[in-house]
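Enquirer: Okay, handing you the structure first.
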Amino acid sequence: MHLQLCYTDAYARRVEGEVVALDISGEAPLVILDRTVFYPGGGGQPSDRGLLLRAADGRQWTVRSARKAGGEIVHELEPDGMPPGVGDRLTVDLDWARRLLLMRTHTALHALCGVVWRDHGALVTGGNMEPGSGRMDFEFERMSGDLVGEIEAKVNVELAAGREVRVDVLPREEAFAIPDLIRTKVNLLPAGIDEIRTIEIVGLDLQADGGTHVANTSEVGGIRVTGYESKGRINKRIRIELTGVLAGA
Ligand SMILES: [Zn+2]
């Protein structure tokens, strides 16, 4: 497997790599490099976008999405003339403004989960995000408008507290021994996975997670709850957006 920097250094926005595989059988060229900073999507976080640049002749390609396939991160290019060739040296350059907004959004959603779990014991059942906004679903029968306002205020206190956000990789058995991880349904992970990546907002939240996060909650800014809905008697959805940024910017 090739080097996937997003999992160890969320702030890596650019890297030099070499094309190791190319698939031009479909409408859009698919490229695998020996190293990349792209996040392939997953866990509710969309994949990155960006550029591949070939210094040798100044040619560049737009990467419109990325995904995991066979363990590798595959870059899907905008169909646009000759694709790069195997062996080409390219600069992999993320759309960093978008990625950073996704990192802030993802960490904000974990802070929301942390507060809802700590204060109400409500389990997360799902979630999704766009740059600057997102939603989480909870098993949270007692949710109400008043409660949601209170949750918003408490999340903002936690974000402003400047809590460190730590990435760790644990052996499966060790991860399973952490009671808090069970709420994110770590027990549903396939048997073949023997290492579990965790994201900890120190003092607030610990989850099994594959996404990219900011290093400190102070980088998130604040959140506003933009809506909440019942998806049944028990299942409730809370929508948030980051304050001080335009969603989708
Ligand atoms: Zn997450």
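Please note that chains go A, B, ... in the order of the structure tokens, that every chain numbers its residues from 1, and that ligands are numbered from 1 in the order shown.
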In range 24-248 of chain A, what's strand (DSSP E) per DSSP? Answer as a VMD selection string?

Expert: chain A and resid 30 to 33 35 to 36 50 to 54 59 to 69 72 to 77 89 to 94 123 to 130 133 to 139 165 to 171 195 to 201 205 to 208 222 to 230 235 to 243

Enquirer: Report as a ChimeraX atom specification which protein, DNA and RNA residues come within 9 Å of ligand 1, using only C-alpha atoms and all ligand atoms.

Expert: /A:42-45,106-107,109-110,127-128,199,207-213

Enquirer: Could the residues in this selection be saved with all heavy atoms as a CSV table (one decimal), in the first residue's frame?

Expert:
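And here is the file that came out, out_37.csv:
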```
chain,number,residue,atom,x,y,z
A,42,GLY,N,-15.3,9.2,3.5
A,42,GLY,CA,-15.7,8.1,4.4
A,42,GLY,C,-16.0,8.7,5.8
A,42,GLY,O,-15.6,9.7,6.1
A,43,GLY,N,-16.9,7.9,6.5
A,43,GLY,CA,-17.3,8.4,7.8
A,43,GLY,C,-18.1,9.7,7.8
A,43,GLY,O,-18.0,10.4,8.8
A,44,GLY,N,-18.8,9.9,6.7
A,44,GLY,CA,-19.5,11.2,6.6
A,44,GLY,C,-18.8,12.3,6.1
A,44,GLY,O,-19.3,13.4,5.8
A,45,GLN,N,-17.4,12.2,5.9
A,45,GLN,CA,-16.6,13.3,5.4
A,45,GLN,C,-16.4,13.1,3.9
A,45,GLN,O,-15.9,12.1,3.5
A,45,GLN,CB,-15.3,13.4,6.1
A,45,GLN,CG,-14.4,14.5,5.7
A,45,GLN,CD,-13.0,14.6,6.4
A,45,GLN,OE1,-12.9,14.1,7.5
A,45,GLN,NE2,-12.1,15.2,5.7
A,106,HIS,N,-15.8,18.6,10.9
A,106,HIS,CA,-15.8,17.2,11.4
A,106,HIS,C,-15.5,17.3,12.9
A,106,HIS,O,-16.2,16.6,13.7
A,106,HIS,CB,-14.7,16.4,10.7
A,106,HIS,CG,-14.9,14.9,10.8
A,106,HIS,ND1,-14.4,14.0,9.9
A,106,HIS,CD2,-15.6,14.2,11.7
A,106,HIS,CE1,-14.8,12.8,10.3
A,106,HIS,NE2,-15.5,12.9,11.4
A,107,THR,N,-14.5,18.1,13.3
A,107,THR,CA,-14.2,18.2,14.8
A,107,THR,C,-15.4,18.8,15.5
A,107,THR,O,-15.8,18.3,16.6
A,107,THR,CB,-13.0,19.1,15.0
A,107,THR,OG1,-11.9,18.5,14.2
A,107,THR,CG2,-12.6,19.1,16.5
A,109,LEU,N,-18.6,18.3,14.8
A,109,LEU,CA,-19.6,17.3,15.0
A,109,LEU,C,-19.2,16.3,16.1
A,109,LEU,O,-20.0,15.8,16.8
A,109,LEU,CB,-19.7,16.5,13.6
A,109,LEU,CG,-20.5,17.3,12.6
A,109,LEU,CD1,-20.4,16.6,11.2
A,109,LEU,CD2,-22.0,17.5,12.9
A,110,HIS,N,-17.9,16.0,16.2
A,110,HIS,CA,-17.4,15.2,17.4
A,110,HIS,C,-17.7,15.9,18.7
A,110,HIS,O,-18.0,15.2,19.7
A,110,HIS,CB,-15.9,14.8,17.2
A,110,HIS,CG,-15.7,13.7,16.2
A,110,HIS,ND1,-14.7,12.7,16.4
A,110,HIS,CD2,-16.3,13.4,15.0
A,110,HIS,CE1,-14.8,11.9,15.3
A,110,HIS,NE2,-15.7,12.3,14.5
A,127,GLY,N,-24.3,10.2,10.6
A,127,GLY,CA,-23.9,11.6,10.4
A,127,GLY,C,-23.4,11.9,9.0
A,127,GLY,O,-23.1,10.9,8.3
A,128,ASN,N,-23.4,13.1,8.7
A,128,ASN,CA,-22.9,13.5,7.3
A,128,ASN,C,-22.5,15.0,7.4
A,128,ASN,O,-23.0,15.7,8.2
A,128,ASN,CB,-24.0,13.3,6.3
A,128,ASN,CG,-23.4,12.9,4.9
A,128,ASN,OD1,-22.2,13.0,4.7
A,128,ASN,ND2,-24.3,12.6,4.0
A,199,ILE,N,-10.0,9.2,17.3
A,199,ILE,CA,-9.9,10.6,17.4
A,199,ILE,C,-10.4,11.0,18.8
A,199,ILE,O,-11.5,10.7,19.2
A,199,ILE,CB,-10.7,11.3,16.4
A,199,ILE,CG1,-10.3,11.0,15.0
A,199,ILE,CG2,-10.7,12.9,16.6
A,199,ILE,CD1,-8.9,11.5,14.5
A,207,GLN,N,-13.6,8.6,19.8
A,207,GLN,CA,-14.4,7.8,18.8
A,207,GLN,C,-13.4,7.1,17.9
A,207,GLN,O,-12.3,7.6,17.6
A,207,GLN,CB,-15.2,8.7,17.9
A,207,GLN,CG,-16.3,9.5,18.6
A,207,GLN,CD,-17.2,10.2,17.6
A,207,GLN,OE1,-17.5,9.7,16.5
A,207,GLN,NE2,-17.7,11.4,18.0
A,208,ALA,N,-13.8,5.9,17.4
A,208,ALA,CA,-13.2,5.3,16.3
A,208,ALA,C,-13.5,6.1,15.0
A,208,ALA,O,-14.7,6.4,14.8
A,208,ALA,CB,-13.6,3.9,16.1
A,209,ASP,N,-12.5,6.5,14.3
A,209,ASP,CA,-12.8,7.5,13.2
A,209,ASP,C,-11.7,7.5,12.2
A,209,ASP,O,-10.5,7.4,12.5
A,209,ASP,CB,-13.0,8.9,13.8
A,209,ASP,CG,-13.5,9.9,12.8
A,209,ASP,OD1,-14.7,10.0,12.6
A,209,ASP,OD2,-12.7,10.6,12.2
A,210,GLY,N,-12.1,7.6,10.9
A,210,GLY,CA,-11.1,7.6,9.8
A,210,GLY,C,-10.8,9.0,9.2
A,210,GLY,O,-10.0,9.1,8.3
A,211,GLY,N,-11.5,10.0,9.8
A,211,GLY,CA,-11.5,11.3,9.1
A,211,GLY,C,-10.3,12.2,9.5
A,211,GLY,O,-9.4,11.8,10.2
A,212,THR,N,-10.4,13.4,8.9
A,212,THR,CA,-9.3,14.4,9.2
A,212,THR,C,-9.9,15.5,10.1
A,212,THR,O,-11.1,15.9,10.0
A,212,THR,CB,-8.8,15.1,7.9
A,212,THR,OG1,-9.8,15.8,7.3
A,212,THR,CG2,-8.2,14.0,7.0
A,213,HIS,N,-9.1,15.9,11.1
A,213,HIS,CA,-9.6,16.9,12.1
A,213,HIS,C,-8.5,18.0,12.4
A,213,HIS,O,-7.4,17.8,12.1
A,213,HIS,CB,-9.8,16.1,13.5
A,213,HIS,CG,-11.0,15.2,13.4
A,213,HIS,ND1,-12.2,15.5,13.9
A,213,HIS,CD2,-11.1,14.0,12.8
A,213,HIS,CE1,-13.0,14.5,13.7
A,213,HIS,NE2,-12.4,13.5,13.0
```

Enquirer: If you take only C-alpha atoms and a cut-off of 9 Å, which residues of range 8-53 of chain A touch range 59-63 of chain A, and what are their nearest atom pairs and distances in Å to one decimal, in chain and number order, as a tab-separated table?

Expert:
```
residue	atom	partner	partner_atom	distance
A:Asp48	CA	A:Val63	CA	8.4
A:Arg49	CA	A:Val63	CA	5.5
A:Gly50	CA	A:Val63	CA	5.1
A:Leu51	CA	A:Thr62	CA	4.6
A:Leu52	CA	A:Trp61	CA	5.1
A:Leu53	CA	A:Gln60	CA	4.4
```

Enquirer: Which residue is closest to Asp95 in chain A? Choose from A:Val157, A:Val37, A:Ser133, A:Pro83 and count only C-alpha atoms.

Expert: A:Val37

Enquirer: Please return as a short mmCIF file (atom, residue, chain, number, x, y, z; two decimals) with all heavy atoms, in the first residue's frame: the residues of range 6-163 of chain A that backbone DSSP assigns to helix (DSSP H, G or I).

Expert:
```
data_model
loop_
_atom_site.label_atom_id
_atom_site.label_comp_id
_atom_site.auth_asym_id
_atom_site.auth_seq_id
_atom_site.Cartn_x
_atom_site.Cartn_y
_atom_site.Cartn_z
N CYS A 6 -2.94 11.69 4.82
CA CYS A 6 -4.07 12.33 5.51
C CYS A 6 -4.33 11.74 6.89
O CYS A 6 -4.80 12.43 7.79
CB CYS A 6 -5.34 12.27 4.66
SG CYS A 6 -5.93 10.60 4.32
N TYR A 7 -3.99 10.45 7.06
CA TYR A 7 -4.32 9.78 8.33
C TYR A 7 -3.35 10.13 9.46
O TYR A 7 -3.70 10.01 10.62
CB TYR A 7 -4.36 8.26 8.13
CG TYR A 7 -5.40 7.85 7.12
CD1 TYR A 7 -5.04 7.24 5.92
CD2 TYR A 7 -6.76 8.11 7.34
CE1 TYR A 7 -6.00 6.88 4.98
CE2 TYR A 7 -7.72 7.76 6.40
CZ TYR A 7 -7.34 7.15 5.23
OH TYR A 7 -8.28 6.81 4.30
N TRP A 96 -7.14 23.34 -0.30
CA TRP A 96 -6.92 23.40 1.14
C TRP A 96 -8.03 24.15 1.89
O TRP A 96 -8.41 23.78 3.00
CB TRP A 96 -5.54 24.02 1.45
CG TRP A 96 -5.31 24.18 2.90
CD1 TRP A 96 -5.18 25.34 3.59
CD2 TRP A 96 -5.20 23.13 3.88
NE1 TRP A 96 -5.00 25.09 4.93
CE2 TRP A 96 -5.01 23.74 5.13
CE3 TRP A 96 -5.26 21.73 3.81
CZ2 TRP A 96 -4.86 23.01 6.30
CZ3 TRP A 96 -5.12 21.01 4.99
CH2 TRP A 96 -4.94 21.65 6.21
N ALA A 97 -8.56 25.20 1.29
CA ALA A 97 -9.62 25.97 1.97
C ALA A 97 -10.81 25.05 2.25
O ALA A 97 -11.38 25.06 3.36
CB ALA A 97 -10.05 27.16 1.10
N ARG A 98 -11.14 24.23 1.26
CA ARG A 98 -12.27 23.30 1.42
C ARG A 98 -11.95 22.23 2.46
O ARG A 98 -12.77 21.91 3.33
CB ARG A 98 -12.60 22.69 0.06
CG ARG A 98 -13.76 21.71 0.07
CD ARG A 98 -14.08 21.29 -1.36
NE ARG A 98 -15.14 20.30 -1.39
CZ ARG A 98 -14.93 19.00 -1.17
NH1 ARG A 98 -13.71 18.55 -0.93
NH2 ARG A 98 -15.95 18.15 -1.20
N ARG A 99 -10.74 21.66 2.39
CA ARG A 99 -10.36 20.60 3.33
C ARG A 99 -10.35 21.12 4.78
O ARG A 99 -10.84 20.47 5.69
CB ARG A 99 -9.01 20.03 2.94
CG ARG A 99 -8.25 19.40 4.11
CD ARG A 99 -8.89 18.14 4.66
NE ARG A 99 -8.30 17.02 3.97
CZ ARG A 99 -7.08 16.57 4.26
NH1 ARG A 99 -6.36 17.12 5.21
NH2 ARG A 99 -6.61 15.57 3.58
N LEU A 100 -9.77 22.33 4.97
CA LEU A 100 -9.70 22.87 6.32
C LEU A 100 -11.10 23.10 6.88
O LEU A 100 -11.37 22.82 8.05
CB LEU A 100 -8.88 24.17 6.34
CG LEU A 100 -8.67 24.83 7.70
CD1 LEU A 100 -7.96 23.88 8.67
CD2 LEU A 100 -7.88 26.12 7.56
N LEU A 101 -11.99 23.56 6.04
CA LEU A 101 -13.39 23.75 6.47
C LEU A 101 -14.02 22.40 6.84
O LEU A 101 -14.75 22.31 7.84
CB LEU A 101 -14.15 24.45 5.33
CG LEU A 101 -15.48 25.10 5.63
CD1 LEU A 101 -15.45 25.93 6.90
CD2 LEU A 101 -15.90 25.97 4.43
N LEU A 102 -13.71 21.36 6.08
CA LEU A 102 -14.21 20.02 6.42
C LEU A 102 -13.62 19.53 7.74
O LEU A 102 -14.31 18.90 8.55
CB LEU A 102 -13.91 19.03 5.30
CG LEU A 102 -14.82 19.16 4.06
CD1 LEU A 102 -14.24 18.40 2.88
CD2 LEU A 102 -16.23 18.66 4.38
N MET A 103 -12.34 19.81 7.97
CA MET A 103 -11.71 19.41 9.24
C MET A 103 -12.38 20.11 10.42
O MET A 103 -12.67 19.49 11.45
CB MET A 103 -10.21 19.74 9.21
CG MET A 103 -9.42 18.75 8.36
SD MET A 103 -7.77 19.30 7.82
CE MET A 103 -6.96 19.70 9.35
N ARG A 104 -12.63 21.41 10.27
CA ARG A 104 -13.29 22.16 11.35
C ARG A 104 -14.71 21.62 11.58
O ARG A 104 -15.15 21.47 12.72
CB ARG A 104 -13.35 23.65 11.00
CG ARG A 104 -11.97 24.30 10.97
CD ARG A 104 -12.05 25.70 10.38
NE ARG A 104 -12.95 26.56 11.13
CZ ARG A 104 -13.63 27.59 10.61
NH1 ARG A 104 -13.50 27.89 9.33
NH2 ARG A 104 -14.42 28.30 11.37
N THR A 105 -15.40 21.32 10.48
CA THR A 105 -16.76 20.81 10.58
C THR A 105 -16.78 19.44 11.26
O THR A 105 -17.61 19.17 12.13
CB THR A 105 -17.38 20.70 9.17
OG1 THR A 105 -17.26 21.95 8.50
CG2 THR A 105 -18.84 20.29 9.23
N HIS A 106 -15.83 18.58 10.87
CA HIS A 106 -15.79 17.23 11.42
C HIS A 106 -15.51 17.26 12.93
O HIS A 106 -16.19 16.59 13.71
CB HIS A 106 -14.73 16.40 10.68
CG HIS A 106 -14.95 14.92 10.78
ND1 HIS A 106 -14.43 14.02 9.90
CD2 HIS A 106 -15.62 14.17 11.71
CE1 HIS A 106 -14.78 12.79 10.25
NE2 HIS A 106 -15.49 12.86 11.36
N THR A 107 -14.55 18.09 13.33
CA THR A 107 -14.25 18.20 14.76
C THR A 107 -15.45 18.78 15.52
O THR A 107 -15.77 18.34 16.63
CB THR A 107 -12.99 19.05 14.98
OG1 THR A 107 -11.90 18.45 14.25
CG2 THR A 107 -12.62 19.13 16.45
N ALA A 108 -16.15 19.74 14.92
CA ALA A 108 -17.35 20.31 15.56
C ALA A 108 -18.40 19.23 15.79
O ALA A 108 -19.04 19.18 16.85
CB ALA A 108 -17.93 21.42 14.68
N LEU A 109 -18.57 18.34 14.83
CA LEU A 109 -19.56 17.26 14.97
C LEU A 109 -19.16 16.30 16.09
O LEU A 109 -20.02 15.83 16.84
CB LEU A 109 -19.75 16.52 13.65
CG LEU A 109 -20.48 17.31 12.56
CD1 LEU A 109 -20.36 16.62 11.21
CD2 LEU A 109 -21.95 17.53 12.91
N HIS A 110 -17.86 16.04 16.23
CA HIS A 110 -17.42 15.19 17.35
C HIS A 110 -17.66 15.89 18.69
O HIS A 110 -18.02 15.23 19.67
CB HIS A 110 -15.95 14.80 17.20
CG HIS A 110 -15.72 13.70 16.21
ND1 HIS A 110 -14.74 12.74 16.36
CD2 HIS A 110 -16.34 13.41 15.04
CE1 HIS A 110 -14.78 11.91 15.33
NE2 HIS A 110 -15.73 12.30 14.51
N ALA A 111 -17.45 17.18 18.74
CA ALA A 111 -17.73 17.92 19.98
C ALA A 111 -19.22 17.82 20.31
O ALA A 111 -19.60 17.65 21.48
CB ALA A 111 -17.30 19.38 19.83
N LEU A 112 -20.07 17.92 19.30
CA LEU A 112 -21.51 17.77 19.50
C LEU A 112 -21.82 16.38 20.05
O LEU A 112 -22.56 16.25 21.04
CB LEU A 112 -22.24 17.99 18.16
CG LEU A 112 -23.74 17.69 18.13
CD1 LEU A 112 -24.51 18.64 19.04
CD2 LEU A 112 -24.28 17.78 16.69
N CYS A 113 -21.23 15.35 19.46
CA CYS A 113 -21.43 13.97 19.95
C CYS A 113 -20.99 13.85 21.40
O CYS A 113 -21.66 13.21 22.20
CB CYS A 113 -20.57 12.97 19.18
SG CYS A 113 -21.06 12.75 17.51
N GLY A 114 -19.85 14.45 21.70
CA GLY A 114 -19.29 14.37 23.05
C GLY A 114 -20.22 14.97 24.09
O GLY A 114 -20.45 14.39 25.15
N VAL A 115 -20.77 16.14 23.77
CA VAL A 115 -21.67 16.82 24.71
C VAL A 115 -22.98 16.04 24.86
O VAL A 115 -23.48 15.84 25.98
CB VAL A 115 -21.95 18.28 24.23
CG1 VAL A 115 -23.12 18.89 24.97
CG2 VAL A 115 -20.68 19.13 24.42
N VAL A 116 -23.53 15.55 23.75
CA VAL A 116 -24.81 14.83 23.80
C VAL A 116 -24.65 13.51 24.57
O VAL A 116 -25.53 13.11 25.32
CB VAL A 116 -25.35 14.60 22.36
CG1 VAL A 116 -26.53 13.64 22.36
CG2 VAL A 116 -25.76 15.93 21.74
N TRP A 117 -23.50 12.87 24.41
CA TRP A 117 -23.23 11.62 25.15
C TRP A 117 -23.01 11.90 26.64
O TRP A 117 -23.61 11.28 27.49
CB TRP A 117 -22.01 10.93 24.54
CG TRP A 117 -21.52 9.75 25.32
CD1 TRP A 117 -20.36 9.68 26.04
CD2 TRP A 117 -22.16 8.47 25.45
NE1 TRP A 117 -20.23 8.43 26.60
CE2 TRP A 117 -21.32 7.67 26.27
CE3 TRP A 117 -23.35 7.93 24.97
CZ2 TRP A 117 -21.64 6.36 26.60
CZ3 TRP A 117 -23.67 6.62 25.31
CH2 TRP A 117 -22.82 5.85 26.11
N ARG A 118 -22.16 12.90 26.93
CA ARG A 118 -21.81 13.22 28.31
C ARG A 118 -23.05 13.67 29.11
O ARG A 118 -23.27 13.22 30.24
CB ARG A 118 -20.77 14.36 28.33
CG ARG A 118 -20.33 14.80 29.72
CD ARG A 118 -19.59 16.13 29.69
NE ARG A 118 -20.48 17.22 29.27
CZ ARG A 118 -20.07 18.42 28.90
NH1 ARG A 118 -18.77 18.70 28.86
NH2 ARG A 118 -20.95 19.35 28.57
N ASP A 119 -23.87 14.53 28.52
CA ASP A 119 -24.97 15.13 29.27
C ASP A 119 -26.29 14.37 29.15
O ASP A 119 -27.17 14.53 29.99
CB ASP A 119 -25.20 16.58 28.80
CG ASP A 119 -23.99 17.46 29.10
OD1 ASP A 119 -23.08 17.00 29.82
OD2 ASP A 119 -23.96 18.60 28.60
N HIS A 120 -26.43 13.56 28.09
CA HIS A 120 -27.73 12.91 27.85
C HIS A 120 -27.63 11.42 27.58
O HIS A 120 -28.66 10.75 27.41
CB HIS A 120 -28.46 13.60 26.69
CG HIS A 120 -28.60 15.08 26.91
ND1 HIS A 120 -29.53 15.61 27.77
CD2 HIS A 120 -27.88 16.13 26.43
CE1 HIS A 120 -29.40 16.94 27.78
NE2 HIS A 120 -28.41 17.26 26.98
N GLY A 145 -36.62 21.47 21.64
CA GLY A 145 -36.04 22.74 21.24
C GLY A 145 -35.20 23.39 22.34
O GLY A 145 -34.11 23.89 22.07
N ASP A 146 -35.68 23.34 23.57
CA ASP A 146 -34.94 23.93 24.69
C ASP A 146 -33.62 23.23 24.89
O ASP A 146 -32.58 23.85 25.11
CB ASP A 146 -35.74 23.80 26.00
CG ASP A 146 -36.89 24.81 26.05
OD1 ASP A 146 -36.90 25.69 25.16
OD2 ASP A 146 -37.74 24.70 26.95
N LEU A 147 -33.69 21.90 24.82
CA LEU A 147 -32.50 21.09 25.03
C LEU A 147 -31.47 21.37 23.94
O LEU A 147 -30.27 21.46 24.21
CB LEU A 147 -32.91 19.62 25.00
CG LEU A 147 -32.28 18.68 26.02
CD1 LEU A 147 -32.25 19.27 27.41
CD2 LEU A 147 -33.07 17.36 26.03
N VAL A 148 -31.95 21.54 22.72
CA VAL A 148 -31.04 21.78 21.59
C VAL A 148 -30.31 23.11 21.76
O VAL A 148 -29.11 23.21 21.49
CB VAL A 148 -31.82 21.69 20.26
CG1 VAL A 148 -31.04 22.30 19.12
CG2 VAL A 148 -32.14 20.24 19.95
N GLY A 149 -31.02 24.13 22.26
CA GLY A 149 -30.38 25.43 22.52
C GLY A 149 -29.30 25.31 23.58
O GLY A 149 -28.23 25.92 23.47
N GLU A 150 -29.60 24.51 24.59
CA GLU A 150 -28.63 24.28 25.68
C GLU A 150 -27.41 23.52 25.14
O GLU A 150 -26.27 23.84 25.51
CB GLU A 150 -29.35 23.43 26.73
CG GLU A 150 -28.71 23.33 28.07
CD GLU A 150 -29.57 22.43 28.96
OE1 GLU A 150 -30.72 22.83 29.29
OE2 GLU A 150 -29.11 21.31 29.26
N ILE A 151 -27.66 22.55 24.30
CA ILE A 151 -26.56 21.77 23.71
C ILE A 151 -25.66 22.67 22.87
O ILE A 151 -24.44 22.60 22.96
CB ILE A 151 -27.13 20.58 22.88
CG1 ILE A 151 -27.73 19.53 23.81
CG2 ILE A 151 -26.06 19.98 21.98
CD1 ILE A 151 -28.62 18.51 23.11
N GLU A 152 -26.27 23.53 22.08
CA GLU A 152 -25.48 24.47 21.25
C GLU A 152 -24.53 25.29 22.14
O GLU A 152 -23.33 25.40 21.85
CB GLU A 152 -26.41 25.40 20.47
CG GLU A 152 -25.67 26.47 19.69
CD GLU A 152 -26.63 27.49 19.08
OE1 GLU A 152 -27.20 27.21 18.02
OE2 GLU A 152 -26.81 28.57 19.69
N ALA A 153 -25.07 25.84 23.22
CA ALA A 153 -24.25 26.67 24.12
C ALA A 153 -23.12 25.86 24.74
O ALA A 153 -21.98 26.33 24.84
CB ALA A 153 -25.13 27.28 25.20
N LYS A 154 -23.42 24.63 25.12
CA LYS A 154 -22.39 23.79 25.76
C LYS A 154 -21.31 23.38 24.77
O LYS A 154 -20.13 23.32 25.13
CB LYS A 154 -23.03 22.58 26.41
CG LYS A 154 -23.76 22.94 27.70
CD LYS A 154 -24.32 21.72 28.38
CE LYS A 154 -24.94 22.12 29.73
NZ LYS A 154 -25.71 21.01 30.30
N VAL A 155 -21.70 23.10 23.55
CA VAL A 155 -20.69 22.76 22.53
C VAL A 155 -19.77 23.96 22.32
O VAL A 155 -18.54 23.80 22.24
CB VAL A 155 -21.36 22.34 21.20
CG1 VAL A 155 -20.32 22.22 20.08
CG2 VAL A 155 -22.10 21.02 21.36
N ASN A 156 -20.32 25.15 22.28
CA ASN A 156 -19.49 26.35 22.06
C ASN A 156 -18.53 26.59 23.21
O ASN A 156 -17.40 27.03 22.99
CB ASN A 156 -20.37 27.56 21.78
CG ASN A 156 -20.89 27.55 20.35
OD1 ASN A 156 -20.20 27.09 19.44
ND2 ASN A 156 -22.12 28.02 20.15
N VAL A 157 -18.95 26.27 24.43
CA VAL A 157 -18.04 26.37 25.58
C VAL A 157 -16.87 25.40 25.40
O VAL A 157 -15.71 25.75 25.62
CB VAL A 157 -18.80 26.08 26.90
CG1 VAL A 157 -17.82 25.86 28.06
CG2 VAL A 157 -19.76 27.23 27.21
N GLU A 158 -17.18 24.16 24.98
CA GLU A 158 -16.13 23.15 24.80
C GLU A 158 -15.16 23.54 23.69
O GLU A 158 -13.95 23.36 23.81
CB GLU A 158 -16.75 21.78 24.50
CG GLU A 158 -17.58 21.21 25.64
CD GLU A 158 -16.77 20.99 26.91
OE1 GLU A 158 -15.55 20.78 26.82
OE2 GLU A 158 -17.37 21.04 28.00
N LEU A 159 -15.68 24.07 22.59
CA LEU A 159 -14.82 24.48 21.47
C LEU A 159 -13.89 25.61 21.92
O LEU A 159 -12.69 25.58 21.63
CB LEU A 159 -15.66 24.92 20.27
CG LEU A 159 -16.50 23.81 19.61
CD1 LEU A 159 -17.40 24.40 18.54
CD2 LEU A 159 -15.61 22.71 19.02
N ALA A 160 -14.45 26.56 22.65
CA ALA A 160 -13.66 27.72 23.10
C ALA A 160 -12.63 27.33 24.16
O ALA A 160 -11.67 28.07 24.38
CB ALA A 160 -14.60 28.80 23.65
#
```

Enquirer: Rounded to one decimal in Å, what is the spacing between CA of Ala56 in chain A and CA of Arg35 in chain A?

Expert: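 Answer for the CA of Ala56 in chain A to CA of Arg35 in chain A separation: 18.5 Å.
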
Enquirer: Mind checking which residues fall within 6 Å of range 9-16 of chain A, counting only C-alpha atoms, ignoring those fewer than 3 positions away in the same chain, and posting them as a PyMOL selection string?

Expert: chain A and resi 5-6+90-94+212

Enquirer: Given the selection you just returned, output its residues as a file containing C-alpha atoms, formatted as a PDB file, in the first residue's frame.

Expert:
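This went into again-v7.pdb:
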```
ATOM      1  CA  LEU A   5      -0.561  11.137   4.587  1.00  0.00           C
ATOM      2  CA  CYS A   6      -4.074  12.333   5.511  1.00  0.00           C
ATOM      3  CA  LEU A  90       3.480  15.162 -10.007  1.00  0.00           C
ATOM      4  CA  THR A  91       2.704  17.638  -7.260  1.00  0.00           C
ATOM      5  CA  VAL A  92      -0.457  16.610  -5.422  1.00  0.00           C
ATOM      6  CA  ASP A  93      -2.136  19.822  -4.271  1.00  0.00           C
ATOM      7  CA  LEU A  94      -5.309  19.833  -2.172  1.00  0.00           C
ATOM      8  CA  THR A 212      -9.325  14.438   9.222  1.00  0.00           C
TER       9      THR A 212
END
```

Enquirer: What is the CA of Glu139 in chain A to CA of Arg67 in chain A distance in Å?

Expert: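 According to the coordinates, CA of Glu139 in chain A and CA of Arg67 in chain A are separated by 29.7 Å.
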
Enquirer: Set out as JSON lines a contact list for range 129-208 of chain A and range 223-243 of chain A with a cut-off of 6 Å, giving each residue of range 129-208 of chain A that qualifies its closest atom pair and distance in Å to one decimal, counting only C-alpha atoms, ordered by chain and rising residue number.

Expert:
```
{"residue": "A:Gly132", "atom": "CA", "partner": "A:Leu242", "partner_atom": "CA", "distance": 5.4}
{"residue": "A:Ser133", "atom": "CA", "partner": "A:Glu241", "partner_atom": "CA", "distance": 4.1}
{"residue": "A:Gly134", "atom": "CA", "partner": "A:Ile240", "partner_atom": "CA", "distance": 5.5}
{"residue": "A:Arg135", "atom": "CA", "partner": "A:Arg239", "partner_atom": "CA", "distance": 4.3}
{"residue": "A:Met136", "atom": "CA", "partner": "A:Ile238", "partner_atom": "CA", "distance": 5.5}
{"residue": "A:Asp137", "atom": "CA", "partner": "A:Arg237", "partner_atom": "CA", "distance": 4.3}
{"residue": "A:Phe138", "atom": "CA", "partner": "A:Lys236", "partner_atom": "CA", "distance": 5.4}
{"residue": "A:Glu139", "atom": "CA", "partner": "A:Asn235", "partner_atom": "CA", "distance": 4.7}
{"residue": "A:Phe140", "atom": "CA", "partner": "A:Ile234", "partner_atom": "CA", "distance": 5.6}
{"residue": "A:Glu141", "atom": "CA", "partner": "A:Ile234", "partner_atom": "CA", "distance": 4.3}
```

Enquirer: Kindly export the residues of the current selection with C-alpha atoms, as a PDB file, in the first residue's frame.

Expert:
```pdb
ATOM      1  CA  GLY A 132     -19.123  24.279   6.958  1.00  0.00           C
ATOM      2  CA  SER A 133     -22.260  22.330   7.906  1.00  0.00           C
ATOM      3  CA  GLY A 134     -23.345  18.892   8.991  1.00  0.00           C
ATOM      4  CA  ARG A 135     -25.876  16.726  10.758  1.00  0.00           C
ATOM      5  CA  MET A 136     -25.784  13.999  13.379  1.00  0.00           C
ATOM      6  CA  ASP A 137     -28.459  11.439  14.209  1.00  0.00           C
ATOM      7  CA  PHE A 138     -28.900  10.273  17.794  1.00  0.00           C
ATOM      8  CA  GLU A 139     -30.984   7.798  19.757  1.00  0.00           C
ATOM      9  CA  PHE A 140     -32.335  10.674  21.794  1.00  0.00           C
ATOM     10  CA  GLU A 141     -35.994  10.304  22.697  1.00  0.00           C
TER      11      GLU A 141
END
```

Enquirer: Do a neighbour search on Leu30 in chain A at 8 Å with only C-alpha atoms, toss out local chain neighbours closer than 4 positions, and write the hits as an NGL selection string.

Expert: :A and (22-24 or 74-77)
